[in-house]
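Chemist: Have a look at this one before I ask anything.
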Amino acid sequence: MTMTPPDNKVHRILCVVGARPNFMKMAPIMAALSALGPRVQPKLVHTGQHYDVAMNHQYFQALGIPDPDINLEVGSGTHAQQTAEVMRRFEPALDEVAPAAVLVVGDVNSTIACALVAAKKGVPVIHVEAGLRSFDRAMPEEINRVLTDQLSDLLFTTEESGRANLLKEGIGEQRIHFVGNVMIDTLRLNLPRAVPAARIAADAGRPGFTDQGYAVLTLHRPSNVDDASVLQRLLETAAQISQRTPVIFPLHPRTRATIERFGLAHLLDRPQMLLLPPQGYLEMLGLMKDAKVVLTDSGGIQEETTALGTPCITLRHNTERPITVDEGTNTIAGNEPARILAAYEEVMTGGGKAGRVPHFWDGRAAERIAAIVSDWLPRD
């Protein structure tokens, strides 16, 4: 019979999620930490940075994530407002749980906010997906990445470039651990449950839309959607692509709002374009899996398409995930139509990059994280 150790030997790990990309990363981590037994107790905090209740519930249910132990319900705001409000609400939660460590993932505002509160109160910080760099300080996420890594005691990297970046920034080598990509843990586990694209199109009232192949488009980064001229160019390029390959476009709420504000909705009113509301994880997995090509400005989708072997065209001038370009299926095209169309033509005529699945993207990254955390925690 397993005996629960005395309270002073139970190590609570406060795991933080704030936005939907965090959910896919945290699901396998929570499961792996829970599997360590009663000595380690993961507790989940949802900051509410992404506050669409229906979408959050859909992701939690699909990924098997337990309901949060604490929900801070922060909501939207500017970067400064949101970061400050997460800090203000997280501090009493931290005091109440008194964890052995705070574990944060990715690069959203909740990541840096909770890491900063923990570090100032002397609570060790664990950062999963450390060391990724776009070297573009105009990206708010880049600021979050750099600062979170400086505050962290354990840093888990997804690719070898992460170690090199961290060492250059003065992070001690003993704090850095290459474990692989927890996003791919989630992808591999859920791939058999992916919702077929044909079903998604049929449910949207467009049966047969995917029969001859299709492309997937996602846009959400401010550099692409907050500038009317850039957004117009991208939408016109997508419309041009749709003449040859039908385009499925799940619309981020912010993107939909800017399209309407700039009066660009007419560019999407085409028979070969299928606009969808934000999709759940299993739906997006199904869309990406069978697409001829994915056009995106999402970092996570760059990784997922590499794992799936689906050609990806990144609508940015840089990437913090260079392994998806060096070893995977990703091509950086920026937001100029000529480069995007050239990359698209290469996929259509030559099949795009063959790529390969990077080292340690094997579905066991969370197990490696849990084993290292278990050894790192004090035994007495």
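As shown in the structure tokens, the chain order sets the letters A, B, ...; within each chain, residues go from 1, and ligands are also counted from 1 in the order they appear.
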At most 9 Å is the cut-off: for each residue in region 102-212 of chain A with any atom that close to an atom of region 35-50 of chain A, write down the nearest atom pair and the distance in Å rounded to one decimal, counting only C-alpha atoms, chain first then increasing number, as JSON lines.

Modeler:
```
{"residue": "A:Val108", "atom": "CA", "partner": "A:Gln49", "partner_atom": "CA", "distance": 8.8}
{"residue": "A:Asn109", "atom": "CA", "partner": "A:Gln49", "partner_atom": "CA", "distance": 7.9}
{"residue": "A:Ser110", "atom": "CA", "partner": "A:Thr47", "partner_atom": "CA", "distance": 6.8}
```

Chemist: Could you give me, as a PDB file with N, CA, C and O atoms, in the first residue's frame, each residue of region 81-180 of chain A that DSSP assigns to alpha helix (DSSP H) when run on this structure's backbone?

Modeler:
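See out_19.pdb below for the written result:
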```
ATOM      1  N   GLN A  81      -1.264  46.366 -18.811  1.00  0.00           N
ATOM      2  CA  GLN A  81      -2.406  46.144 -17.915  1.00  0.00           C
ATOM      3  C   GLN A  81      -2.569  44.663 -17.587  1.00  0.00           C
ATOM      4  O   GLN A  81      -2.764  44.287 -16.432  1.00  0.00           O
ATOM      5  N   GLN A  82      -2.470  43.834 -18.605  1.00  0.00           N
ATOM      6  CA  GLN A  82      -2.683  42.401 -18.410  1.00  0.00           C
ATOM      7  C   GLN A  82      -1.583  41.802 -17.537  1.00  0.00           C
ATOM      8  O   GLN A  82      -1.848  41.042 -16.603  1.00  0.00           O
ATOM      9  N   THR A  83      -0.336  42.158 -17.822  1.00  0.00           N
ATOM     10  CA  THR A  83       0.788  41.642 -17.032  1.00  0.00           C
ATOM     11  C   THR A  83       0.665  42.070 -15.574  1.00  0.00           C
ATOM     12  O   THR A  83       0.846  41.265 -14.652  1.00  0.00           O
ATOM     13  N   ALA A  84       0.338  43.341 -15.366  1.00  0.00           N
ATOM     14  CA  ALA A  84       0.212  43.841 -13.998  1.00  0.00           C
ATOM     15  C   ALA A  84      -0.937  43.171 -13.253  1.00  0.00           C
ATOM     16  O   ALA A  84      -0.812  42.831 -12.065  1.00  0.00           O
ATOM     17  N   GLU A  85      -2.062  42.959 -13.937  1.00  0.00           N
ATOM     18  CA  GLU A  85      -3.218  42.352 -13.278  1.00  0.00           C
ATOM     19  C   GLU A  85      -2.955  40.882 -12.941  1.00  0.00           C
ATOM     20  O   GLU A  85      -3.368  40.398 -11.875  1.00  0.00           O
ATOM     21  N   VAL A  86      -2.250  40.177 -13.820  1.00  0.00           N
ATOM     22  CA  VAL A  86      -1.876  38.794 -13.492  1.00  0.00           C
ATOM     23  C   VAL A  86      -0.989  38.781 -12.251  1.00  0.00           C
ATOM     24  O   VAL A  86      -1.194  37.969 -11.331  1.00  0.00           O
ATOM     25  N   MET A  87      -0.031  39.681 -12.193  1.00  0.00           N
ATOM     26  CA  MET A  87       0.866  39.737 -11.021  1.00  0.00           C
ATOM     27  C   MET A  87       0.068  40.015  -9.750  1.00  0.00           C
ATOM     28  O   MET A  87       0.277  39.364  -8.715  1.00  0.00           O
ATOM     29  N   ARG A  88      -0.826  40.972  -9.837  1.00  0.00           N
ATOM     30  CA  ARG A  88      -1.591  41.360  -8.645  1.00  0.00           C
ATOM     31  C   ARG A  88      -2.446  40.199  -8.133  1.00  0.00           C
ATOM     32  O   ARG A  88      -2.516  39.962  -6.920  1.00  0.00           O
ATOM     33  N   ARG A  89      -3.056  39.452  -9.053  1.00  0.00           N
ATOM     34  CA  ARG A  89      -3.938  38.369  -8.632  1.00  0.00           C
ATOM     35  C   ARG A  89      -3.189  37.074  -8.315  1.00  0.00           C
ATOM     36  O   ARG A  89      -3.680  36.239  -7.555  1.00  0.00           O
ATOM     37  N   PHE A  90      -2.003  36.915  -8.927  1.00  0.00           N
ATOM     38  CA  PHE A  90      -1.253  35.669  -8.713  1.00  0.00           C
ATOM     39  C   PHE A  90      -0.575  35.644  -7.343  1.00  0.00           C
ATOM     40  O   PHE A  90      -0.443  34.577  -6.733  1.00  0.00           O
ATOM     41  N   GLU A  91      -0.151  36.790  -6.842  1.00  0.00           N
ATOM     42  CA  GLU A  91       0.609  36.800  -5.589  1.00  0.00           C
ATOM     43  C   GLU A  91      -0.146  36.148  -4.424  1.00  0.00           C
ATOM     44  O   GLU A  91       0.428  35.290  -3.730  1.00  0.00           O
ATOM     45  N   PRO A  92      -1.403  36.496  -4.150  1.00  0.00           N
ATOM     46  CA  PRO A  92      -2.094  35.819  -3.052  1.00  0.00           C
ATOM     47  C   PRO A  92      -2.287  34.323  -3.299  1.00  0.00           C
ATOM     48  O   PRO A  92      -2.277  33.530  -2.347  1.00  0.00           O
ATOM     49  N   ALA A  93      -2.455  33.926  -4.546  1.00  0.00           N
ATOM     50  CA  ALA A  93      -2.569  32.493  -4.853  1.00  0.00           C
ATOM     51  C   ALA A  93      -1.262  31.780  -4.540  1.00  0.00           C
ATOM     52  O   ALA A  93      -1.255  30.663  -3.987  1.00  0.00           O
ATOM     53  N   LEU A  94      -0.166  32.413  -4.852  1.00  0.00           N
ATOM     54  CA  LEU A  94       1.151  31.854  -4.553  1.00  0.00           C
ATOM     55  C   LEU A  94       1.346  31.713  -3.048  1.00  0.00           C
ATOM     56  O   LEU A  94       1.819  30.680  -2.547  1.00  0.00           O
ATOM     57  N   ASP A  95       0.949  32.734  -2.321  1.00  0.00           N
ATOM     58  CA  ASP A  95       1.074  32.689  -0.857  1.00  0.00           C
ATOM     59  C   ASP A  95       0.223  31.569  -0.269  1.00  0.00           C
ATOM     60  O   ASP A  95       0.636  30.886   0.673  1.00  0.00           O
ATOM     61  N   GLU A  96      -0.964  31.379  -0.819  1.00  0.00           N
ATOM     62  CA  GLU A  96      -1.884  30.372  -0.283  1.00  0.00           C
ATOM     63  C   GLU A  96      -1.372  28.956  -0.515  1.00  0.00           C
ATOM     64  O   GLU A  96      -1.421  28.111   0.385  1.00  0.00           O
ATOM     65  N   VAL A  97      -0.850  28.687  -1.707  1.00  0.00           N
ATOM     66  CA  VAL A  97      -0.403  27.330  -2.045  1.00  0.00           C
ATOM     67  C   VAL A  97       0.971  27.031  -1.462  1.00  0.00           C
ATOM     68  O   VAL A  97       1.265  25.884  -1.114  1.00  0.00           O
ATOM     69  N   ASN A 109       1.975  36.705 -21.773  1.00  0.00           N
ATOM     70  CA  ASN A 109       2.107  37.652 -20.665  1.00  0.00           C
ATOM     71  C   ASN A 109       2.008  36.973 -19.309  1.00  0.00           C
ATOM     72  O   ASN A 109       2.679  37.363 -18.342  1.00  0.00           O
ATOM     73  N   SER A 110       1.161  35.960 -19.196  1.00  0.00           N
ATOM     74  CA  SER A 110       1.027  35.239 -17.933  1.00  0.00           C
ATOM     75  C   SER A 110       2.338  34.564 -17.533  1.00  0.00           C
ATOM     76  O   SER A 110       2.632  34.416 -16.343  1.00  0.00           O
ATOM     77  N   THR A 111       3.113  34.145 -18.520  1.00  0.00           N
ATOM     78  CA  THR A 111       4.381  33.459 -18.252  1.00  0.00           C
ATOM     79  C   THR A 111       5.338  34.378 -17.505  1.00  0.00           C
ATOM     80  O   THR A 111       5.858  34.032 -16.443  1.00  0.00           O
ATOM     81  N   ILE A 112       5.598  35.553 -18.069  1.00  0.00           N
ATOM     82  CA  ILE A 112       6.530  36.475 -17.423  1.00  0.00           C
ATOM     83  C   ILE A 112       5.949  37.022 -16.121  1.00  0.00           C
ATOM     84  O   ILE A 112       6.666  37.182 -15.127  1.00  0.00           O
ATOM     85  N   ALA A 113       4.646  37.290 -16.081  1.00  0.00           N
ATOM     86  CA  ALA A 113       4.038  37.868 -14.884  1.00  0.00           C
ATOM     87  C   ALA A 113       4.182  36.935 -13.679  1.00  0.00           C
ATOM     88  O   ALA A 113       4.598  37.359 -12.592  1.00  0.00           O
ATOM     89  N   CYS A 114       3.858  35.669 -13.862  1.00  0.00           N
ATOM     90  CA  CYS A 114       3.924  34.726 -12.747  1.00  0.00           C
ATOM     91  C   CYS A 114       5.362  34.391 -12.385  1.00  0.00           C
ATOM     92  O   CYS A 114       5.691  34.194 -11.206  1.00  0.00           O
ATOM     93  N   ALA A 115       6.240  34.335 -13.378  1.00  0.00           N
ATOM     94  CA  ALA A 115       7.653  34.097 -13.096  1.00  0.00           C
ATOM     95  C   ALA A 115       8.236  35.243 -12.266  1.00  0.00           C
ATOM     96  O   ALA A 115       9.017  35.021 -11.326  1.00  0.00           O
ATOM     97  N   LEU A 116       7.848  36.452 -12.582  1.00  0.00           N
ATOM     98  CA  LEU A 116       8.377  37.618 -11.864  1.00  0.00           C
ATOM     99  C   LEU A 116       7.900  37.634 -10.415  1.00  0.00           C
ATOM    100  O   LEU A 116       8.684  37.891  -9.494  1.00  0.00           O
ATOM    101  N   VAL A 117       6.611  37.347 -10.206  1.00  0.00           N
ATOM    102  CA  VAL A 117       6.090  37.290  -8.836  1.00  0.00           C
ATOM    103  C   VAL A 117       6.815  36.213  -8.038  1.00  0.00           C
ATOM    104  O   VAL A 117       7.248  36.435  -6.894  1.00  0.00           O
ATOM    105  N   ALA A 118       6.956  35.027  -8.622  1.00  0.00           N
ATOM    106  CA  ALA A 118       7.617  33.923  -7.920  1.00  0.00           C
ATOM    107  C   ALA A 118       9.058  34.275  -7.579  1.00  0.00           C
ATOM    108  O   ALA A 118       9.515  34.075  -6.435  1.00  0.00           O
ATOM    109  N   ALA A 119       9.787  34.812  -8.554  1.00  0.00           N
ATOM    110  CA  ALA A 119      11.197  35.128  -8.326  1.00  0.00           C
ATOM    111  C   ALA A 119      11.364  36.161  -7.223  1.00  0.00           C
ATOM    112  O   ALA A 119      12.265  36.056  -6.377  1.00  0.00           O
ATOM    113  N   LYS A 120      10.503  37.166  -7.191  1.00  0.00           N
ATOM    114  CA  LYS A 120      10.609  38.206  -6.162  1.00  0.00           C
ATOM    115  C   LYS A 120      10.281  37.673  -4.775  1.00  0.00           C
ATOM    116  O   LYS A 120      10.719  38.241  -3.768  1.00  0.00           O
ATOM    117  N   PRO A 140       6.383  41.388 -28.529  1.00  0.00           N
ATOM    118  CA  PRO A 140       6.221  41.310 -27.074  1.00  0.00           C
ATOM    119  C   PRO A 140       6.623  39.949 -26.520  1.00  0.00           C
ATOM    120  O   PRO A 140       7.172  39.857 -25.413  1.00  0.00           O
ATOM    121  N   GLU A 141       6.382  38.893 -27.292  1.00  0.00           N
ATOM    122  CA  GLU A 141       6.719  37.550 -26.820  1.00  0.00           C
ATOM    123  C   GLU A 141       8.226  37.381 -26.632  1.00  0.00           C
ATOM    124  O   GLU A 141       8.666  36.624 -25.764  1.00  0.00           O
ATOM    125  N   GLU A 142       9.027  38.060 -27.446  1.00  0.00           N
ATOM    126  CA  GLU A 142      10.479  37.952 -27.302  1.00  0.00           C
ATOM    127  C   GLU A 142      10.946  38.537 -25.975  1.00  0.00           C
ATOM    128  O   GLU A 142      11.806  37.969 -25.296  1.00  0.00           O
ATOM    129  N   ILE A 143      10.358  39.664 -25.589  1.00  0.00           N
ATOM    130  CA  ILE A 143      10.673  40.243 -24.281  1.00  0.00           C
ATOM    131  C   ILE A 143      10.304  39.252 -23.177  1.00  0.00           C
ATOM    132  O   ILE A 143      11.069  39.023 -22.226  1.00  0.00           O
ATOM    133  N   ASN A 144       9.124  38.651 -23.288  1.00  0.00           N
ATOM    134  CA  ASN A 144       8.677  37.686 -22.279  1.00  0.00           C
ATOM    135  C   ASN A 144       9.633  36.500 -22.182  1.00  0.00           C
ATOM    136  O   ASN A 144       9.945  36.020 -21.084  1.00  0.00           O
ATOM    137  N   ARG A 145      10.101  36.010 -23.336  1.00  0.00           N
ATOM    138  CA  ARG A 145      10.999  34.851 -23.341  1.00  0.00           C
ATOM    139  C   ARG A 145      12.320  35.169 -22.627  1.00  0.00           C
ATOM    140  O   ARG A 145      12.771  34.411 -21.767  1.00  0.00           O
ATOM    141  N   VAL A 146      12.923  36.268 -23.023  1.00  0.00           N
ATOM    142  CA  VAL A 146      14.245  36.616 -22.496  1.00  0.00           C
ATOM    143  C   VAL A 146      14.183  36.812 -20.979  1.00  0.00           C
ATOM    144  O   VAL A 146      15.018  36.294 -20.227  1.00  0.00           O
ATOM    145  N   LEU A 147      13.191  37.578 -20.518  1.00  0.00           N
ATOM    146  CA  LEU A 147      13.098  37.878 -19.096  1.00  0.00           C
ATOM    147  C   LEU A 147      12.733  36.639 -18.276  1.00  0.00           C
ATOM    148  O   LEU A 147      13.273  36.429 -17.186  1.00  0.00           O
ATOM    149  N   THR A 148      11.829  35.825 -18.777  1.00  0.00           N
ATOM    150  CA  THR A 148      11.456  34.612 -18.042  1.00  0.00           C
ATOM    151  C   THR A 148      12.653  33.696 -17.875  1.00  0.00           C
ATOM    152  O   THR A 148      12.879  33.123 -16.792  1.00  0.00           O
ATOM    153  N   ASP A 149      13.454  33.550 -18.916  1.00  0.00           N
ATOM    154  CA  ASP A 149      14.631  32.692 -18.815  1.00  0.00           C
ATOM    155  C   ASP A 149      15.624  33.221 -17.781  1.00  0.00           C
ATOM    156  O   ASP A 149      16.250  32.441 -17.046  1.00  0.00           O
ATOM    157  N   GLN A 150      15.777  34.538 -17.695  1.00  0.00           N
ATOM    158  CA  GLN A 150      16.692  35.106 -16.708  1.00  0.00           C
ATOM    159  C   GLN A 150      16.220  34.847 -15.271  1.00  0.00           C
ATOM    160  O   GLN A 150      17.018  34.795 -14.343  1.00  0.00           O
ATOM    161  N   LEU A 151      14.923  34.684 -15.095  1.00  0.00           N
ATOM    162  CA  LEU A 151      14.359  34.478 -13.764  1.00  0.00           C
ATOM    163  C   LEU A 151      14.292  33.010 -13.362  1.00  0.00           C
ATOM    164  O   LEU A 151      13.997  32.700 -12.204  1.00  0.00           O
ATOM    165  N   GLU A 160      18.198  22.306 -29.808  1.00  0.00           N
ATOM    166  CA  GLU A 160      19.557  22.612 -29.362  1.00  0.00           C
ATOM    167  C   GLU A 160      19.892  24.098 -29.467  1.00  0.00           C
ATOM    168  O   GLU A 160      20.743  24.592 -28.732  1.00  0.00           O
ATOM    169  N   SER A 161      19.245  24.828 -30.356  1.00  0.00           N
ATOM    170  CA  SER A 161      19.513  26.265 -30.449  1.00  0.00           C
ATOM    171  C   SER A 161      19.187  26.967 -29.134  1.00  0.00           C
ATOM    172  O   SER A 161      19.797  27.986 -28.803  1.00  0.00           O
ATOM    173  N   GLY A 162      18.225  26.423 -28.395  1.00  0.00           N
ATOM    174  CA  GLY A 162      17.847  27.018 -27.117  1.00  0.00           C
ATOM    175  C   GLY A 162      19.008  27.050 -26.136  1.00  0.00           C
ATOM    176  O   GLY A 162      19.228  28.057 -25.444  1.00  0.00           O
ATOM    177  N   ARG A 163      19.763  25.959 -26.055  1.00  0.00           N
ATOM    178  CA  ARG A 163      20.924  25.911 -25.154  1.00  0.00           C
ATOM    179  C   ARG A 163      21.948  26.979 -25.536  1.00  0.00           C
ATOM    180  O   ARG A 163      22.454  27.709 -24.669  1.00  0.00           O
ATOM    181  N   ALA A 164      22.252  27.072 -26.832  1.00  0.00           N
ATOM    182  CA  ALA A 164      23.239  28.050 -27.284  1.00  0.00           C
ATOM    183  C   ALA A 164      22.800  29.469 -26.942  1.00  0.00           C
ATOM    184  O   ALA A 164      23.600  30.294 -26.468  1.00  0.00           O
ATOM    185  N   ASN A 165      21.523  29.770 -27.151  1.00  0.00           N
ATOM    186  CA  ASN A 165      21.015  31.105 -26.832  1.00  0.00           C
ATOM    187  C   ASN A 165      21.134  31.408 -25.349  1.00  0.00           C
ATOM    188  O   ASN A 165      21.532  32.507 -24.946  1.00  0.00           O
ATOM    189  N   LEU A 166      20.779  30.444 -24.519  1.00  0.00           N
ATOM    190  CA  LEU A 166      20.812  30.652 -23.071  1.00  0.00           C
ATOM    191  C   LEU A 166      22.241  30.818 -22.560  1.00  0.00           C
ATOM    192  O   LEU A 166      22.506  31.674 -21.699  1.00  0.00           O
ATOM    193  N   LEU A 167      23.163  30.031 -23.084  1.00  0.00           N
ATOM    194  CA  LEU A 167      24.561  30.159 -22.654  1.00  0.00           C
ATOM    195  C   LEU A 167      25.115  31.528 -23.019  1.00  0.00           C
ATOM    196  O   LEU A 167      25.835  32.154 -22.227  1.00  0.00           O
ATOM    197  N   LYS A 168      24.757  32.041 -24.202  1.00  0.00           N
ATOM    198  CA  LYS A 168      25.209  33.374 -24.614  1.00  0.00           C
ATOM    199  C   LYS A 168      24.669  34.455 -23.693  1.00  0.00           C
ATOM    200  O   LYS A 168      25.275  35.513 -23.542  1.00  0.00           O
TER     201      LYS A 168
END
```

Chemist: Write out as a PyMOL selection string which residues come within 9 Å of Arg321 (chain A) when counting only C-alpha atoms, dropping same-chain ones fewer than 2 positions away.

Modeler: chain A and resi 132-134+159+161+299-300+302-303+318-319+323-325

Chemist: Got a sec: who's within 8 Å of region 235-245 of chain A, counting only C-alpha atoms, leaving out chain neighbours fewer than 4 positions off, as an MDAnalysis selection string?

Modeler: chainID A and resid 213:215 217 231 267:268 270 272:273 337 340:341

Chemist: Save the residues we just selected, all heavy atoms, as a CSV table (one decimal), in the first residue's frame?

Modeler:
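Output (result-v1.csv):
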```csv
chain,number,residue,atom,x,y,z
A,213,GLY,N,-8.2,18.8,-52.2
A,213,GLY,CA,-7.1,19.3,-51.5
A,213,GLY,C,-7.4,20.8,-51.1
A,213,GLY,O,-8.3,21.4,-51.6
A,214,TYR,N,-6.7,21.3,-50.1
A,214,TYR,CA,-7.0,22.6,-49.5
A,214,TYR,C,-5.7,23.1,-48.8
A,214,TYR,O,-4.8,22.4,-48.5
A,214,TYR,CB,-8.1,22.5,-48.5
A,214,TYR,CG,-7.9,21.6,-47.3
A,214,TYR,CD1,-7.4,22.2,-46.2
A,214,TYR,CD2,-8.1,20.3,-47.4
A,214,TYR,CE1,-7.1,21.4,-45.1
A,214,TYR,CE2,-7.8,19.4,-46.3
A,214,TYR,CZ,-7.3,20.0,-45.2
A,214,TYR,OH,-7.0,19.2,-44.1
A,215,ALA,N,-5.7,24.4,-48.6
A,215,ALA,CA,-4.7,25.1,-47.8
A,215,ALA,C,-5.4,25.6,-46.5
A,215,ALA,O,-6.6,25.8,-46.5
A,215,ALA,CB,-4.1,26.3,-48.5
A,217,LEU,N,-5.1,28.7,-43.6
A,217,LEU,CA,-4.5,30.0,-43.3
A,217,LEU,C,-4.8,30.4,-41.8
A,217,LEU,O,-6.0,30.3,-41.4
A,217,LEU,CB,-5.0,31.1,-44.2
A,217,LEU,CG,-4.7,32.5,-43.9
A,217,LEU,CD1,-3.3,32.8,-44.1
A,217,LEU,CD2,-5.6,33.5,-44.8
A,231,LEU,N,-2.2,43.8,-43.8
A,231,LEU,CA,-3.3,42.8,-43.8
A,231,LEU,C,-4.0,42.7,-45.2
A,231,LEU,O,-4.3,41.6,-45.6
A,231,LEU,CB,-4.4,43.3,-42.7
A,231,LEU,CG,-5.6,42.3,-42.5
A,231,LEU,CD1,-5.1,40.9,-42.2
A,231,LEU,CD2,-6.5,42.9,-41.4
A,267,LEU,N,-12.6,41.0,-49.5
A,267,LEU,CA,-11.5,40.2,-50.0
A,267,LEU,C,-11.7,38.7,-49.8
A,267,LEU,O,-11.1,37.9,-50.4
A,267,LEU,CB,-10.2,40.7,-49.5
A,267,LEU,CG,-9.8,42.1,-49.9
A,267,LEU,CD1,-8.5,42.5,-49.2
A,267,LEU,CD2,-9.6,42.2,-51.4
A,268,LEU,N,-12.5,38.4,-48.7
A,268,LEU,CA,-12.7,37.0,-48.3
A,268,LEU,C,-14.0,36.4,-48.8
A,268,LEU,O,-14.3,35.2,-48.6
A,268,LEU,CB,-12.6,36.9,-46.8
A,268,LEU,CG,-11.4,37.4,-46.1
A,268,LEU,CD1,-11.5,37.4,-44.6
A,268,LEU,CD2,-10.2,36.6,-46.6
A,270,ARG,N,-15.3,34.9,-51.3
A,270,ARG,CA,-15.0,34.1,-52.5
A,270,ARG,C,-15.4,32.7,-52.3
A,270,ARG,O,-15.3,32.1,-51.2
A,270,ARG,CB,-13.5,34.2,-52.8
A,270,ARG,CG,-13.0,35.6,-53.0
A,270,ARG,CD,-11.5,35.7,-53.1
A,270,ARG,NE,-11.1,37.1,-53.3
A,270,ARG,CZ,-10.9,37.7,-54.5
A,270,ARG,NH1,-11.1,37.0,-55.6
A,270,ARG,NH2,-10.6,39.0,-54.6
A,272,GLN,N,-14.0,29.9,-53.1
A,272,GLN,CA,-13.0,29.0,-52.7
A,272,GLN,C,-12.3,29.3,-51.4
A,272,GLN,O,-11.2,28.8,-51.1
A,272,GLN,CB,-11.9,28.9,-53.8
A,272,GLN,CG,-12.4,28.3,-55.1
A,272,GLN,CD,-12.7,26.8,-54.9
A,272,GLN,OE1,-13.8,26.5,-54.6
A,272,GLN,NE2,-11.7,26.0,-55.2
A,273,MET,N,-12.9,30.2,-50.6
A,273,MET,CA,-12.5,30.5,-49.3
A,273,MET,C,-13.5,30.1,-48.2
A,273,MET,O,-14.7,30.5,-48.4
A,273,MET,CB,-12.1,31.9,-49.1
A,273,MET,CG,-10.9,32.3,-50.0
A,273,MET,SD,-10.1,33.9,-49.5
A,273,MET,CE,-9.2,33.4,-48.0
A,337,PRO,N,3.8,39.6,-50.9
A,337,PRO,CA,3.1,38.6,-51.8
A,337,PRO,C,4.0,37.8,-52.7
A,337,PRO,O,3.8,36.6,-52.9
A,337,PRO,CB,2.1,39.5,-52.6
A,337,PRO,CG,1.8,40.7,-51.7
A,337,PRO,CD,3.1,40.9,-51.0
A,340,ILE,N,5.6,35.0,-50.8
A,340,ILE,CA,4.6,34.0,-50.3
A,340,ILE,C,4.2,33.1,-51.5
A,340,ILE,O,4.2,31.9,-51.4
A,340,ILE,CB,3.4,34.7,-49.7
A,340,ILE,CG1,3.8,35.5,-48.5
A,340,ILE,CG2,2.3,33.7,-49.4
A,340,ILE,CD1,2.8,36.4,-48.0
A,341,LEU,N,3.9,33.8,-52.6
A,341,LEU,CA,3.5,33.0,-53.8
A,341,LEU,C,4.6,32.1,-54.4
A,341,LEU,O,4.3,31.0,-54.9
A,341,LEU,CB,3.0,34.0,-54.9
A,341,LEU,CG,1.7,34.7,-54.5
A,341,LEU,CD1,1.4,35.8,-55.5
A,341,LEU,CD2,0.5,33.8,-54.4
```

Chemist: Using DSSP on the backbone, list every residue of region 97-145 of chain A that comes out as strand (DSSP E), and give them as a list in words.

Modeler: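 So, restricting region 97-145 of chain A to strand (DSSP E), we get Ala101, Val102, Leu103, Val104, Val105, Val125, Ile126, His127, Val128, Glu129 and Ala130 of chain A.
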
Chemist: With only C-alpha atoms as the atoms that count, which of A:Asp153, A:Asp69, A:Asp269, A:Asp290 lies nearest to Ile126 (chain A)?

Modeler: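 Looking at the shortest contact to Ile126 (chain A), the residue is A:Asp153.
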
Chemist: Would you please work out which residue, of A:Phe262, A:Phe360, A:Tyr344, A:Tyr59, is nearest to Met26 (chain A) when using only C-alpha atoms?

Modeler: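 Between A:Phe262, A:Phe360, A:Tyr344, A:Tyr59, the residue approaching Met26 (chain A) most closely is A:Tyr59.
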
Chemist: Looking at A:Glu320, A:Glu346, A:Glu336, A:Asp67, which one is nearest to Val293 (chain A), with distances taken over only C-alpha atoms?

Modeler: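 Smallest distance to Val293 (chain A) is found for A:Glu346.
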
Chemist: To one decimal place, how far is CA of Ala101 (chain A) from CA of Ser298 (chain A) in Å?

Modeler: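 Value for the CA of Ala101 (chain A)-CA of Ser298 (chain A) distance: 29.1 Å.
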
Chemist: Measuring atom to atom with only C-alpha atoms, identify which of A:Pro277, A:Pro28, A:Gly172, A:Pro246 is nearest to Gln212 (chain A).

Modeler: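 Going through A:Pro277, A:Pro28, A:Gly172, A:Pro246 one by one, the smallest distance to Gln212 (chain A) is for A:Pro246.
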
Chemist: Can you measure CA of Gly170 (chain A) to CA of Phe135 (chain A) for me? One decimal in Å is fine.

Modeler: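 Here the two named atoms are 16.2 Å from each other.
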
Chemist: If we count only C-alpha atoms and set the cut-off at 10 Å, which residues sit around region 223-225 of chain A, ignoring sequence neighbours fewer than 5 positions away in its own chain? Please answer as a PyMOL selection string.

Modeler: chain A and resi 138-139+230-234+254-259+262+297+315-316+334-335
